[in-house]
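Data block below; observations after.
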Amino acid sequence: MASEDKFNLVVEFSGGLELLFSGRRKLTISVPIKDNEGQAVTVGWLVHYLCNEVMEDSRKNMFVLDGHVCPGILVLINDADWELEGEASYALQPNDNVLFVSTLHGG
Amino acid sequence: MESANASAEGLRKQISETEESLRKLKAQLHQFEFQEKSDSAKTVSLDEHKWPLSAEEYKRYGRQMIVPSVGIQGQLRLKAAKVLIIGAGGLGCPAAAYIAGAGVGTLGIVDGDVVETSNLHRQILHGTEKIRWKKVDSMIASLKSLNPNPAYVAHAEHISPQNSESIVKQYDLVLDCTDNPASRYLISDICILLQKTLISASALRTDGQLIVLNLPPLPAGAEGGPCYRCVFPKPPPADTVVSCGDGGIIGPVVGVMGVMQAVEAIKIITSGKIDSSAEVAGSGENTKQEPTLMLLFSANSSQPFRSVKLRSRRAGCFACSKDSQLSLESLTSGSVDYVLFCGFTSPTKILQPEERIEASQYSKVRSKQHILLDVRDKVQFDICHLDGSINVPFSNFQGGKEDVVDGSSWIPDSLPNDASVYVVCRLGNDSQVVTRKLKEAGLDARGKRYIGDVKGGFKAWKEQVDQSWPEY
Ligand SMILES: [Zn+2]
C-alpha cells in the first residue's frame with residue numbers, strides 16, 4: 001500500500017492502562033485511510049486494531065469486553081469524550097489524538 | 001526483663017493519663033479565651049455591628065480575601081457554607097485542611113476507619129501518636145488546632161444507603177474522598193436526589209483524576225452537568241479494580257488531587273454557584289452551562305496535567321434523567337444494591353487442599369531440592385524475598401507468554417523433573433492462579449513433579465515461621 005493511502009495519529013494510554021501496552025504511554029501509529037470494505041476508518045476500527053495488532057498482553061478483556069471498550073475506560077478524541085464526537089463511529093482524521101483513560105478508584 | 005516490661009507499661013499509662021489531662025486543660029483554656037473574646041466583644045458591641053467578621057477573622061482570612069475572586073462576599077459565603085468530606089484518607093486530609101483553613105462555617109467528616117501506620121505517608125492530618133484513633137477524631141483534632149472557628153461534625157461510620165440521606169442533607173457541598181466504586185456510585189446518587197454538587201477525586205500509583213459533578217445542583221430531569229453514572233454508566237469489572245493497598249500510591253500524588261478538590265470547593269462556594277439565595281441570582285452570574293471537565297494528573301507523564309471535556313447529562317441516565325428509576329425510598333431501603341452492582345471478588349478458591357502447603361510445612365522442606373517461585377511484582381520482591389527463590393511476576397503469567405507459562409524461561413535446566421515447585425505470593429491468591437496455569441501447561445510431568453502453592457502467602461509465612469518478615 002502506498003504511503004499516501006495512510007495517515008498518522010497519536011494514541012495515548014493513562015490511569016494504568018499503559019501497563020497493558022508494555023508500559024507505553026504514547027505511540028504514533030499509521031492507519032489506512034479506508035478499511036477493508038472501503039469505508040473511512042473509525043475509532044471503533046482503531047480499538048480493534050489496538051487490541052488485535054498492538055496489544056501483546058493476553059488480558060484482552062481488560063481493554064475490550066464483548067466487542068466494546070471495557071466499562072471504566074474513557075475514550076477521548078482530541079481531549080473530548082468520544083460520546084460528544086459520535087463514539088465508535090467517529091471517522092479518524094490525520095493527526096487526531098485518541099486518549100484511553102482507565103478510571104481510578106483509590107483515595 | 002519482666003520488671004522492664006512493667007515499668008514501660010507504667011510509663012505508657014502515665015503518658016496517656018497526662019495527655020488526657022493536658023487535653024482537658026487545653027479545652028478549658030479555649031473555653032476561657034472564647035469567653036474573654038465574647039465579653040470584650042460585648043463592650044464594643046457597637047463596633048461589632050459595623051463589621052460582618054470578627055477582628056481575628058479579618059486577620060486570618062485577609063490574604064485570601066484580598067484576592068479579587070474571593071473578596072468579602074466570597075468570605076461570607078465560605079462562612080455560611082456547610083461542606084461534607086466523605087473519607088478521611090489521602091484525599092480527605094489535604095482537602096479538609098485547606099477547606100477548614102479557608103474558614104467554612106461547618107465541616108462534616110464521614111469515615112468509619114481507624115488510623116494505621118500504613119496511612120501516614122499520605123494522610124497528613126493523622127500522626128504517629130494517633131495510631132488506632134478513629135480517623136474522624138484524629139482529623140478533627142488536627143483541624144481544630146489549624147482553625148478553631150468552623151463547627152466540625154464527626155460521622156464515625158462508613159457512608160451507606162441507610163445513613164446517606166440523613167448525613168448528606170445537612171450540607172451544601174459534598175467531596176467524594178472514598179476509595180471504592182460502590183461508594184462512588186452511592187454518593188453520586190444521593191447527591192442527585194438531594195441536589196448537591198459533588199467534587200469527586202481518585203488516585204492510584206502515580207496518577208489522579210478529578211471531576212466536578214452535578215454543577216449547578218439540579219433535580220433529575222433538568223438539563224445540566226452530568227452525574228457519576230452519566231460518565232460511567234457501568235462499573236468496571238470487579239477484578240480489574242485496583243486499590244491503593246494492592247497497587248500502591250505516592251503520597252503527594254493523592255495529596256495533589258485532595259488539594260485540587262479544595263481549590264474547586266473554594267471556587268464553587270465563593271462564586272456563589274451553589275447559593276440559591278435571591279441575592280446571588282440577581283448578581284448577574286452567567287447561567288450558560290460550561291462544559292464539565294475531568295482533570296487528569298500523571299506524575300510520570302511528559303504532560304502531567306491535562307483537562308478533558310466530558311459529556312453533559314445522559315438521556316436515560318438511571319439517576320439524573322427524566323426517566324430516573326432512583327428515589328430516596330428505593331435508595332435508603334436498600335433496594336439499590338451497590339455492592340452487587342459493582343460486583344465483588346470472592347476469596348480465591350482454585351486449588352484442592354492437596355495442592356496447597358502450609359507455610360510452616362514449607363519451612364521444613366526447604367532443605368530438599370525444589371524451586372520457590374515468587375510471583376509478586378519485582379518491586380515487592382526487591383523489598384524482601386527468601387533465599388534461592390525465583391521471581392516471575394504474576395502479570396507475566398497473565399501476559400500469557402508461552403515460555404513463561406511452561407516454565408522454560410525460568411526453570412534451571414539442571415532441575416530434576418521430580419523436584420517440587422512451590423508458588424508463593426503476598427496473600428495466597430495469585431499463587432493459586434499460577435499453580436493451576438503451570439499444571440495445565442504440563443509442568444508437573446504427568447504427576448511426577450509436585451506443584452503447589454504456599455497457603456496464605458507471605459502473610460502466613462510471617463505468622464507461622466518468621467515474625468521478622470517485613471509487613472509492607
Ligand atoms: Zn446521570
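Every chain in the C-alpha cells takes a letter, A first, then B, and so on in the order presented; its residues are numbered from 1, and the ligands are numbered from 1 following the presented order.
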Go through the chains and note each residue within 9 Å of ligand 1, using only C-alpha atoms and all ligand atoms, then give the set as a PyMOL selection string. chain B and resi 188-189+192+214+220+225-233+312-321+324
Counting only C-alpha atoms, which residues of chain A come no farther than 9 Å from chain B, as a compact mmCIF listing (two decimals) with all heavy atoms, in the first residue's frame?
```
# COMPACT_ATOMS: atom_id res chain seq x y z
N SER A 14 -3.51 6.07 29.74
CA SER A 14 -3.29 6.68 31.05
C SER A 14 -4.10 5.96 32.12
O SER A 14 -4.98 5.17 31.81
CB SER A 14 -3.68 8.17 30.94
OG SER A 14 -3.64 8.77 32.18
N GLY A 15 -3.80 6.25 33.39
CA GLY A 15 -4.55 5.68 34.51
C GLY A 15 -4.21 4.22 34.78
O GLY A 15 -4.97 3.52 35.43
N GLY A 16 -3.07 3.73 34.25
CA GLY A 16 -2.68 2.35 34.47
C GLY A 16 -2.90 1.48 33.24
O GLY A 16 -2.40 0.37 33.14
N LEU A 20 -1.06 -2.44 30.13
CA LEU A 20 -1.49 -3.47 29.19
C LEU A 20 -0.78 -3.33 27.85
O LEU A 20 -0.86 -4.21 26.99
CB LEU A 20 -3.00 -3.39 28.96
CG LEU A 20 -3.91 -3.76 30.13
CD1 LEU A 20 -5.37 -3.60 29.71
CD2 LEU A 20 -3.66 -5.17 30.60
N ARG A 25 3.07 4.88 27.10
CA ARG A 25 2.03 5.87 27.35
C ARG A 25 1.58 6.56 26.07
O ARG A 25 0.49 7.11 26.01
CB ARG A 25 2.54 6.95 28.32
CG ARG A 25 2.69 6.46 29.73
CD ARG A 25 3.25 7.56 30.62
NE ARG A 25 3.20 7.13 31.99
CZ ARG A 25 2.14 7.30 32.79
NH1 ARG A 25 1.08 7.93 32.34
NH2 ARG A 25 2.17 6.87 34.02
N GLU A 56 0.23 -6.71 23.23
CA GLU A 56 0.90 -8.00 23.34
C GLU A 56 0.39 -8.80 24.54
O GLU A 56 0.46 -10.01 24.58
CB GLU A 56 2.42 -7.79 23.47
CG GLU A 56 3.04 -7.34 22.16
CD GLU A 56 4.47 -6.88 22.32
OE1 GLU A 56 5.05 -7.11 23.40
OE2 GLU A 56 5.00 -6.29 21.37
N ASP A 57 -0.13 -8.08 25.51
CA ASP A 57 -0.64 -8.71 26.73
C ASP A 57 -1.84 -9.58 26.38
O ASP A 57 -2.65 -9.23 25.51
CB ASP A 57 -1.06 -7.60 27.70
CG ASP A 57 -1.10 -8.08 29.13
OD1 ASP A 57 -1.97 -8.90 29.47
OD2 ASP A 57 -0.25 -7.62 29.92
N SER A 58 -1.96 -10.73 27.05
CA SER A 58 -3.08 -11.63 26.73
C SER A 58 -4.38 -11.22 27.42
O SER A 58 -5.43 -11.77 27.15
CB SER A 58 -2.72 -13.06 27.12
OG SER A 58 -2.70 -13.17 28.52
N ARG A 59 -4.29 -10.23 28.34
CA ARG A 59 -5.51 -9.84 29.06
C ARG A 59 -6.37 -8.91 28.21
O ARG A 59 -6.67 -7.77 28.60
CB ARG A 59 -5.14 -9.18 30.39
CG ARG A 59 -4.54 -10.14 31.40
CD ARG A 59 -3.94 -9.43 32.58
NE ARG A 59 -2.72 -8.73 32.23
CZ ARG A 59 -2.07 -7.92 33.05
NH1 ARG A 59 -2.52 -7.69 34.24
NH2 ARG A 59 -0.95 -7.33 32.65
N MET A 62 -9.42 -6.91 29.44
CA MET A 62 -9.30 -5.73 30.29
C MET A 62 -9.31 -4.46 29.43
O MET A 62 -9.31 -3.35 29.93
CB MET A 62 -8.02 -5.79 31.12
CG MET A 62 -8.12 -6.84 32.22
SD MET A 62 -6.62 -6.97 33.20
CE MET A 62 -6.74 -5.50 34.22
N CYS A 70 -13.95 -1.74 27.37
CA CYS A 70 -14.29 -2.20 28.70
C CYS A 70 -14.92 -1.08 29.55
O CYS A 70 -14.44 0.06 29.50
CB CYS A 70 -12.99 -2.67 29.35
SG CYS A 70 -13.21 -3.90 30.57
N PRO A 71 -16.00 -1.36 30.34
CA PRO A 71 -16.53 -0.33 31.24
C PRO A 71 -15.42 0.20 32.15
O PRO A 71 -14.55 -0.56 32.55
CB PRO A 71 -17.58 -1.07 32.06
CG PRO A 71 -17.93 -2.29 31.28
CD PRO A 71 -16.71 -2.63 30.47
N GLY A 72 -15.49 1.50 32.46
CA GLY A 72 -14.45 2.07 33.31
C GLY A 72 -13.30 2.67 32.51
O GLY A 72 -12.41 3.29 33.07
N ILE A 73 -13.32 2.49 31.16
CA ILE A 73 -12.30 3.14 30.33
C ILE A 73 -12.97 4.27 29.55
O ILE A 73 -13.98 4.05 28.87
CB ILE A 73 -11.65 2.14 29.34
CG1 ILE A 73 -10.89 1.06 30.12
CG2 ILE A 73 -10.71 2.87 28.37
CD1 ILE A 73 -10.29 -0.02 29.25
N LEU A 74 -12.43 5.49 29.70
CA LEU A 74 -12.93 6.62 28.94
C LEU A 74 -12.13 6.74 27.65
O LEU A 74 -10.91 6.56 27.67
CB LEU A 74 -12.75 7.92 29.72
CG LEU A 74 -13.74 8.22 30.84
CD1 LEU A 74 -13.36 9.56 31.48
CD2 LEU A 74 -15.16 8.28 30.31
N LEU A 76 -11.17 9.44 24.74
CA LEU A 76 -11.21 10.87 24.47
C LEU A 76 -10.58 11.15 23.11
O LEU A 76 -9.45 10.73 22.85
CB LEU A 76 -10.48 11.62 25.58
CG LEU A 76 -11.13 11.35 26.94
CD1 LEU A 76 -10.11 11.22 28.03
CD2 LEU A 76 -12.16 12.40 27.26
N ASN A 78 -9.21 13.98 20.76
CA ASN A 78 -8.72 15.36 20.87
C ASN A 78 -9.21 16.02 22.16
O ASN A 78 -9.75 17.13 22.16
CB ASN A 78 -9.12 16.17 19.63
CG ASN A 78 -8.56 15.54 18.36
OD1 ASN A 78 -7.43 15.04 18.37
ND2 ASN A 78 -9.34 15.51 17.30
N ASP A 79 -9.05 15.31 23.26
CA ASP A 79 -9.38 15.79 24.61
C ASP A 79 -10.87 16.01 24.85
O ASP A 79 -11.24 16.80 25.74
CB ASP A 79 -8.58 17.05 24.95
CG ASP A 79 -7.13 16.72 25.29
OD1 ASP A 79 -6.82 15.53 25.53
OD2 ASP A 79 -6.29 17.64 25.33
N ALA A 80 -11.72 15.35 24.10
CA ALA A 80 -13.16 15.41 24.38
C ALA A 80 -13.72 13.99 24.40
O ALA A 80 -13.33 13.15 23.59
CB ALA A 80 -13.88 16.24 23.34
N ASP A 81 -14.64 13.74 25.35
CA ASP A 81 -15.31 12.44 25.47
C ASP A 81 -15.81 12.01 24.10
O ASP A 81 -16.47 12.77 23.41
CB ASP A 81 -16.49 12.60 26.45
CG ASP A 81 -17.07 11.26 26.89
OD1 ASP A 81 -16.98 10.29 26.11
OD2 ASP A 81 -17.61 11.20 28.00
N TRP A 82 -15.53 10.77 23.70
CA TRP A 82 -15.93 10.35 22.36
C TRP A 82 -17.44 10.34 22.18
O TRP A 82 -17.93 10.37 21.07
CB TRP A 82 -15.30 9.00 21.98
CG TRP A 82 -15.84 7.77 22.66
CD1 TRP A 82 -16.54 7.71 23.83
CD2 TRP A 82 -15.73 6.42 22.20
NE1 TRP A 82 -16.83 6.41 24.15
CE2 TRP A 82 -16.36 5.59 23.16
CE3 TRP A 82 -15.14 5.82 21.08
CZ2 TRP A 82 -16.43 4.21 23.03
CZ3 TRP A 82 -15.21 4.43 20.97
CH2 TRP A 82 -15.86 3.65 21.92
N GLU A 83 -18.19 10.38 23.28
CA GLU A 83 -19.64 10.45 23.17
C GLU A 83 -20.09 11.80 22.60
O GLU A 83 -21.20 11.95 22.13
CB GLU A 83 -20.30 10.18 24.53
CG GLU A 83 -19.97 8.77 25.01
CD GLU A 83 -20.81 8.33 26.19
OE1 GLU A 83 -21.88 8.90 26.42
OE2 GLU A 83 -20.36 7.40 26.89
N LEU A 84 -19.20 12.81 22.70
CA LEU A 84 -19.50 14.10 22.09
C LEU A 84 -19.19 14.08 20.60
O LEU A 84 -19.51 15.01 19.87
CB LEU A 84 -18.67 15.21 22.76
CG LEU A 84 -18.91 15.45 24.26
CD1 LEU A 84 -17.80 16.32 24.84
CD2 LEU A 84 -20.26 16.12 24.47
N VAL A 101 -8.31 6.31 28.92
CA VAL A 101 -8.02 6.50 30.34
C VAL A 101 -8.77 5.47 31.16
O VAL A 101 -9.99 5.34 31.04
CB VAL A 101 -8.48 7.90 30.83
CG1 VAL A 101 -8.03 8.14 32.25
CG2 VAL A 101 -7.99 8.98 29.93
N THR A 103 -10.35 4.42 34.60
CA THR A 103 -10.84 5.15 35.79
C THR A 103 -10.14 4.65 37.04
O THR A 103 -9.97 3.45 37.21
CB THR A 103 -12.33 4.89 36.03
OG1 THR A 103 -12.94 4.69 34.79
CG2 THR A 103 -12.96 6.03 36.77
N LEU A 104 -9.79 5.56 37.91
CA LEU A 104 -9.17 5.19 39.18
C LEU A 104 -10.23 5.25 40.28
O LEU A 104 -11.20 6.01 40.19
CB LEU A 104 -8.05 6.17 39.52
CG LEU A 104 -7.00 6.38 38.43
CD1 LEU A 104 -6.03 7.47 38.84
CD2 LEU A 104 -6.27 5.10 38.14
N HIS A 105 -10.03 4.47 41.33
CA HIS A 105 -10.99 4.49 42.45
C HIS A 105 -10.33 4.72 43.79
O HIS A 105 -11.00 4.96 44.77
CB HIS A 105 -11.78 3.18 42.46
CG HIS A 105 -12.56 2.98 41.21
ND1 HIS A 105 -12.05 2.27 40.15
CD2 HIS A 105 -13.75 3.46 40.82
CE1 HIS A 105 -12.93 2.31 39.16
NE2 HIS A 105 -13.96 3.01 39.53
N GLY A 106 -9.01 4.63 43.88
CA GLY A 106 -8.34 4.76 45.17
C GLY A 106 -8.42 6.17 45.71
O GLY A 106 -8.68 7.13 44.99
N GLY A 107 -8.18 6.27 47.03
CA GLY A 107 -8.19 7.59 47.65
C GLY A 107 -7.54 7.48 49.00
O GLY A 107 -7.62 8.34 49.81
```
Quick one: DSSP alpha helix (DSSP H) residues in segment 222-322 of chain B, as a VMD selection string? chain B and resid 228 to 231 244 to 247 251 to 270 278 to 281
Would you kindly return, as number ranges by chain, each protein, DNA or RNA residue with an atom no farther than 10 Å from any atom of segment 408-425 of chain B, considering only C-alpha atoms and excluding same-chain residues fewer than 3 positions away? B: 355-357, 359, 362, 365, 368-377, 380-381, 389-394, 401-405, 428-435, 438, 443-445, 447-459, 461
Near-Lys6 of chain A list (6 Å; only C-alpha atoms; drop same-chain fewer than 5 positions) as a tab-separated table (two decimals) with N, CA and C atoms, in the first residue's frame:
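Result file follows (selection20.tsv):
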```
chain	number	residue	atom	x	y	z
A	31	VAL	N	-2.35	4.61	10.10
A	31	VAL	CA	-3.55	3.81	9.79
A	31	VAL	C	-3.96	4.04	8.34
A	32	PRO	N	-4.60	3.04	7.72
A	32	PRO	CA	-5.07	3.21	6.34
A	32	PRO	C	-6.24	4.19	6.28
A	33	ILE	N	-6.37	4.90	5.17
A	33	ILE	CA	-7.47	5.86	5.02
A	33	ILE	C	-8.81	5.12	4.96
```
Taking into account only C-alpha atoms, which residue in the set A:Met55, A:His48, A:Glu37, A:Val98 is nearest to Leu19 of chain A?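 Looking only at the distances to Leu19 of chain A, the closest residue turns out to be A:Met55.
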Please compute the atom CA of Val69 of chain A-atom CA of Phe100 of chain A distance, one decimal, in Å.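 Taking atom CA of Val69 of chain A as the start and atom CA of Phe100 of chain A as the end point, the length is 9.6 Å.
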Work out how far apart atom CA of Leu213 of chain B and atom CA of Val253 of chain B are and give it in Å to one decimal. 21.5 Å
Could you go through chain A and tell me which residues DSSP, when run on the backbone, assigns to strand (DSSP E), listing them as a PyMOL selection string? chain A and resi 6-14+26-32+64-65+68-69+73-77+80-81+97-102
Just-selected residues, N, CA and C atoms written as a JSON list (two decimals), in the first residue's frame:
```
[["chain", "number", "residue", "atom", "x", "y", "z"],
["A", 6, "LYS", "N", -2.14, 6.18, 3.71],
["A", 6, "LYS", "CA", -2.16, 6.07, 5.17],
["A", 6, "LYS", "C", -2.01, 7.45, 5.79],
["A", 7, "PHE", "N", -2.40, 7.56, 7.05],
["A", 7, "PHE", "CA", -2.09, 8.79, 7.78],
["A", 7, "PHE", "C", -1.75, 8.45, 9.23],
["A", 8, "ASN", "N", -1.15, 9.41, 9.92],
["A", 8, "ASN", "CA", -0.67, 9.19, 11.29],
["A", 8, "ASN", "C", -1.65, 9.74, 12.32],
["A", 9, "LEU", "N", -1.72, 9.06, 13.45],
["A", 9, "LEU", "CA", -2.40, 9.65, 14.60],
["A", 9, "LEU", "C", -1.68, 9.23, 15.87],
["A", 10, "VAL", "N", -1.99, 9.96, 16.94],
["A", 10, "VAL", "CA", -1.33, 9.70, 18.22],
["A", 10, "VAL", "C", -2.32, 8.99, 19.14],
["A", 11, "VAL", "N", -1.86, 7.89, 19.72],
["A", 11, "VAL", "CA", -2.68, 7.15, 20.67],
["A", 11, "VAL", "C", -1.99, 7.22, 22.03],
["A", 12, "GLU", "N", -2.75, 7.54, 23.08],
["A", 12, "GLU", "CA", -2.15, 7.62, 24.42],
["A", 12, "GLU", "C", -2.95, 6.76, 25.41],
["A", 13, "PHE", "N", -2.24, 6.27, 26.42],
["A", 13, "PHE", "CA", -2.86, 5.46, 27.48],
["A", 13, "PHE", "C", -2.53, 6.07, 28.84],
["A", 14, "SER", "N", -3.51, 6.07, 29.74],
["A", 14, "SER", "CA", -3.29, 6.68, 31.05],
["A", 14, "SER", "C", -4.10, 5.96, 32.12],
["A", 26, "LYS", "N", 2.45, 6.60, 25.07],
["A", 26, "LYS", "CA", 2.14, 7.39, 23.88],
["A", 26, "LYS", "C", 2.75, 6.71, 22.67],
["A", 27, "LEU", "N", 1.95, 6.49, 21.62],
["A", 27, "LEU", "CA", 2.53, 5.95, 20.40],
["A", 27, "LEU", "C", 1.92, 6.63, 19.18],
["A", 28, "THR", "N", 2.74, 6.77, 18.16],
["A", 28, "THR", "CA", 2.24, 7.31, 16.90],
["A", 28, "THR", "C", 2.00, 6.12, 15.99],
["A", 29, "ILE", "N", 0.80, 6.01, 15.47],
["A", 29, "ILE", "CA", 0.57, 4.89, 14.57],
["A", 29, "ILE", "C", 0.05, 5.37, 13.23],
["A", 30, "SER", "N", 0.31, 4.54, 12.22],
["A", 30, "SER", "CA", -0.06, 4.86, 10.87],
["A", 30, "SER", "C", -1.26, 3.98, 10.51],
["A", 31, "VAL", "N", -2.35, 4.61, 10.10],
["A", 31, "VAL", "CA", -3.55, 3.81, 9.79],
["A", 31, "VAL", "C", -3.96, 4.04, 8.34],
["A", 32, "PRO", "N", -4.60, 3.04, 7.72],
["A", 32, "PRO", "CA", -5.07, 3.21, 6.34],
["A", 32, "PRO", "C", -6.24, 4.19, 6.28],
["A", 64, "VAL", "N", -10.97, -4.69, 25.80],
["A", 64, "VAL", "CA", -12.20, -4.85, 25.02],
["A", 64, "VAL", "C", -12.98, -6.02, 25.61],
["A", 65, "LEU", "N", -14.25, -5.74, 25.97],
["A", 65, "LEU", "CA", -15.08, -6.78, 26.57],
["A", 65, "LEU", "C", -16.37, -6.88, 25.74],
["A", 68, "HIS", "N", -16.88, -4.34, 22.98],
["A", 68, "HIS", "CA", -16.87, -2.91, 23.29],
["A", 68, "HIS", "C", -15.70, -2.57, 24.20],
["A", 69, "VAL", "N", -15.33, -1.28, 24.21],
["A", 69, "VAL", "CA", -14.31, -0.85, 25.15],
["A", 69, "VAL", "C", -14.81, -1.16, 26.56],
["A", 73, "ILE", "N", -13.32, 2.49, 31.16],
["A", 73, "ILE", "CA", -12.30, 3.14, 30.33],
["A", 73, "ILE", "C", -12.97, 4.27, 29.55],
["A", 74, "LEU", "N", -12.43, 5.49, 29.70],
["A", 74, "LEU", "CA", -12.93, 6.62, 28.94],
["A", 74, "LEU", "C", -12.13, 6.74, 27.65],
["A", 75, "VAL", "N", -12.82, 7.05, 26.56],
["A", 75, "VAL", "CA", -12.14, 7.28, 25.28],
["A", 75, "VAL", "C", -12.29, 8.76, 24.95],
["A", 76, "LEU", "N", -11.17, 9.44, 24.74],
["A", 76, "LEU", "CA", -11.21, 10.87, 24.47],
["A", 76, "LEU", "C", -10.58, 11.15, 23.11],
["A", 77, "ILE", "N", -11.33, 11.84, 22.26],
["A", 77, "ILE", "CA", -10.82, 12.20, 20.94],
["A", 77, "ILE", "C", -10.47, 13.68, 20.99],
["A", 80, "ALA", "N", -11.72, 15.35, 24.10],
["A", 80, "ALA", "CA", -13.16, 15.41, 24.38],
["A", 80, "ALA", "C", -13.72, 13.99, 24.40],
["A", 81, "ASP", "N", -14.64, 13.74, 25.35],
["A", 81, "ASP", "CA", -15.31, 12.44, 25.47],
["A", 81, "ASP", "C", -15.81, 12.01, 24.10],
["A", 97, "ASN", "N", -5.72, 12.92, 18.13],
["A", 97, "ASN", "CA", -5.16, 12.35, 19.35],
["A", 97, "ASN", "C", -6.27, 11.54, 20.02],
["A", 98, "VAL", "N", -6.02, 10.26, 20.22],
["A", 98, "VAL", "CA", -7.01, 9.40, 20.88],
["A", 98, "VAL", "C", -6.41, 8.93, 22.20],
["A", 99, "LEU", "N", -7.08, 9.32, 23.30],
["A", 99, "LEU", "CA", -6.58, 9.01, 24.64],
["A", 99, "LEU", "C", -7.52, 8.00, 25.31],
["A", 100, "PHE", "N", -6.95, 6.92, 25.83],
["A", 100, "PHE", "CA", -7.71, 5.93, 26.59],
["A", 100, "PHE", "C", -7.32, 6.06, 28.06],
["A", 101, "VAL", "N", -8.31, 6.31, 28.92],
["A", 101, "VAL", "CA", -8.02, 6.50, 30.34],
["A", 101, "VAL", "C", -8.77, 5.47, 31.16],
["A", 102, "SER", "N", -8.05, 4.77, 32.00],
["A", 102, "SER", "CA", -8.69, 3.85, 32.91],
["A", 102, "SER", "C", -9.11, 4.62, 34.16]]
```
Need to verify the contact set: Lys82 of chain B, 12 Å, only C-alpha atoms, exclusion of same-chain residues closer than 6 positions in sequence. Can you return it as a list of chain:residue names?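 Neighbouring residues, sequence-local ones excluded: B:Ile99, B:Ala100, B:Gly103, B:Val104, B:Gly105, B:Thr106, B:Leu107, B:Gly108, B:Ile109, B:Pro150, B:Ala151, B:Tyr152, B:Val153, B:Ile167, B:Val168, B:Lys169, B:Gln170, B:Tyr171, B:Asp172, B:Leu173, B:Val174, B:Leu175, B:Lys196, B:Ala265, B:Ile266, B:Ile269, B:Ile274, B:Asp275.
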Two-atom distance - atom CA of Thr270 of chain B, atom CA of Leu143 of chain B (Å):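 Atom CA of Thr270 of chain B sits 20.9 Å away from atom CA of Leu143 of chain B.
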Find the residues near Val43 of chain A: any atom within 8 Å, counting only C-alpha atoms, skip ones fewer than 6 places away on the same chain, and give them as an MDAnalysis selection string. chainID A and resid 87:92
Residues near segment 57-74 of chain B, anyone? I mean within 8 Å using only C-alpha atoms, not counting same-chain ones fewer than 3 positions away, as a list in words.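 The residues that qualify are Leu53, Ser54, Arg77, Leu78, Ala102, Gly103, Ile269, Thr270, Ser271 and Gly272 of chain B.
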Point out the residue among A:Gly67, A:Asn61, A:Arg24, A:Glu18 with the least atom-to-atom distance to Trp45 of chain A, counting only C-alpha atoms.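 Comparing A:Gly67, A:Asn61, A:Arg24, A:Glu18 against Trp45 of chain A, the winner is A:Gly67.
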